[in-house]
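*Asks:* Coordinates in model_36.cif, mmCIF, C-alpha atoms, are listed below.
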data_coords
#
loop_
_atom_site.group_PDB
_atom_site.id
_atom_site.type_symbol
_atom_site.label_atom_id
_atom_site.label_comp_id
_atom_site.auth_asym_id
_atom_site.auth_seq_id
_atom_site.Cartn_x
_atom_site.Cartn_y
_atom_site.Cartn_z
ATOM 1 C CA MET A 267 185.198 146.712 122.848
ATOM 2 C CA THR A 268 187.550 145.887 125.684
ATOM 3 C CA ASP A 269 187.453 147.571 129.068
ATOM 4 C CA MET A 270 190.667 149.429 128.309
ATOM 5 C CA GLN A 271 189.261 150.848 125.051
ATOM 6 C CA GLU A 272 186.004 151.885 126.751
ATOM 7 C CA GLU A 273 187.927 153.559 129.553
ATOM 8 C CA HIS A 274 190.157 155.403 127.087
ATOM 9 C CA SER A 275 187.287 156.485 124.814
ATOM 10 C CA SER A 276 185.220 157.879 127.683
ATOM 11 C CA ALA A 277 188.158 159.712 129.255
ATOM 12 C CA VAL A 278 189.488 161.524 126.172
ATOM 13 C CA PRO A 279 186.995 163.211 123.845
ATOM 14 C CA MET A 280 187.653 162.891 120.105
ATOM 15 C CA HIS A 281 187.009 166.610 119.655
ATOM 16 C CA PRO A 282 187.625 169.295 122.297
ATOM 17 C CA GLU A 283 184.090 170.723 121.944
ATOM 18 C CA GLU A 284 182.335 167.361 121.798
ATOM 19 C CA ILE A 285 178.885 167.108 123.392
ATOM 20 C CA LYS A 286 178.123 163.702 124.917
ATOM 21 C CA SER A 287 174.865 162.317 126.279
ATOM 22 C CA VAL A 288 174.172 158.997 128.010
ATOM 23 C CA PHE A 289 170.765 157.654 129.039
ATOM 24 C CA ASP A 290 169.228 154.629 130.760
ATOM 25 C CA LEU A 291 165.554 153.839 130.155
ATOM 26 C CA ARG A 292 163.555 151.217 132.061
ATOM 27 C CA VAL A 293 160.094 150.127 130.952
ATOM 28 C CA GLY A 294 158.492 147.786 133.426
ATOM 29 C CA LYS A 295 160.519 145.071 135.132
ATOM 30 C CA HIS A 296 162.016 143.354 132.100
ATOM 31 C CA ILE A 297 162.885 146.032 129.543
ATOM 32 C CA SER A 298 165.999 148.146 129.991
ATOM 33 C CA LEU A 299 167.578 150.317 127.290
ATOM 34 C CA GLN A 300 170.908 152.106 127.416
ATOM 35 C CA GLY A 301 172.215 154.547 124.855
ATOM 36 C CA SER A 302 174.724 157.262 124.237
ATOM 37 C CA ALA A 303 175.318 159.929 121.614
ATOM 38 C CA ARG A 304 178.176 162.235 120.707
ATOM 39 C CA ILE A 305 178.056 165.309 118.491
ATOM 40 C CA THR A 306 180.180 168.372 117.803
ATOM 41 C CA PRO A 307 178.876 171.914 117.270
ATOM 42 C CA VAL A 308 179.507 171.526 113.519
ATOM 43 C CA GLY A 309 177.349 168.393 113.601
ATOM 44 C CA VAL A 310 174.538 170.368 115.233
ATOM 45 C CA LEU A 311 174.741 172.995 112.466
ATOM 46 C CA SER A 312 174.814 170.338 109.748
ATOM 47 C CA THR A 313 171.769 168.627 111.249
ATOM 48 C CA GLY A 314 169.916 171.947 111.358
ATOM 49 C CA ILE A 315 170.702 172.674 107.710
ATOM 50 C CA ALA A 316 169.577 169.177 106.671
ATOM 51 C CA VAL A 317 166.293 169.498 108.593
ATOM 52 C CA ALA A 318 165.668 172.945 107.094
ATOM 53 C CA ALA A 319 166.306 171.636 103.556
ATOM 54 C CA MET A 320 163.903 168.745 104.132
ATOM 55 C CA ALA A 321 161.256 171.108 105.540
ATOM 56 C CA VAL A 322 161.524 173.368 102.473
ATOM 57 C CA GLY A 323 161.200 170.359 100.161
ATOM 58 C CA LEU A 324 158.224 168.941 102.032
ATOM 59 C CA GLY A 325 156.596 172.387 102.123
ATOM 60 C CA TYR A 326 156.962 172.660 98.360
ATOM 61 C CA LEU A 327 155.408 169.206 97.883
ATOM 62 C CA ALA A 328 152.523 170.017 100.225
ATOM 63 C CA ALA A 329 151.838 173.289 98.411
ATOM 64 C CA SER A 330 151.879 171.583 95.013
ATOM 65 C CA LEU A 331 149.424 168.932 96.219
ATOM 66 C CA ARG A 332 146.940 171.629 97.327
ATOM 67 C CA ARG A 333 147.032 173.293 93.892
ATOM 68 C CA ARG A 334 145.828 170.155 92.107
#
Any chance you could put this one into structure tokens?

*Replies:*
Amino acid sequence: MTDMQEEHSSAVPMHPEEIKSVFDLRVGKHISLQGSARITPVGVLSTGIAVAAMAVGLGYLAASLRRR
């Protein structure tokens, strides 16, 4: 990505209610990690529904294993 594209993408959010997070992590002298994430409120709801569906499925599997 060019400097102009990075500057434009950080200045103007893709969605007006976008939530953005940036982090820098250093481990020791030689390891450095940088990351960023973007999500919208609808993405948060979708993630919650997906996690709940997986928890219900795993709960059903765990209960069926105990019955055997």

*Asks:* Which value, in Å to one decimal, gives the distance between CA of Ile285 in chain A and CA of Ala303 in chain A?

*Replies:*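 Distance reported for this atom pair: 8.2 Å.
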
*Asks:* If I take CA of Pro282 in chain A and CA of Gly309 in chain A, how far is one from the other in Å, to one decimal?

*Replies:* 13.5 Å

*Asks:* For Arg304 in chain A, list every protein, DNA or RNA residue within 9 Å, evaluated using only C-alpha atoms, and leave out those in the same chain fewer than 2 positions away; present the list as a PyMOL selection string.

*Replies:* chain A and resi 284-288+302+306
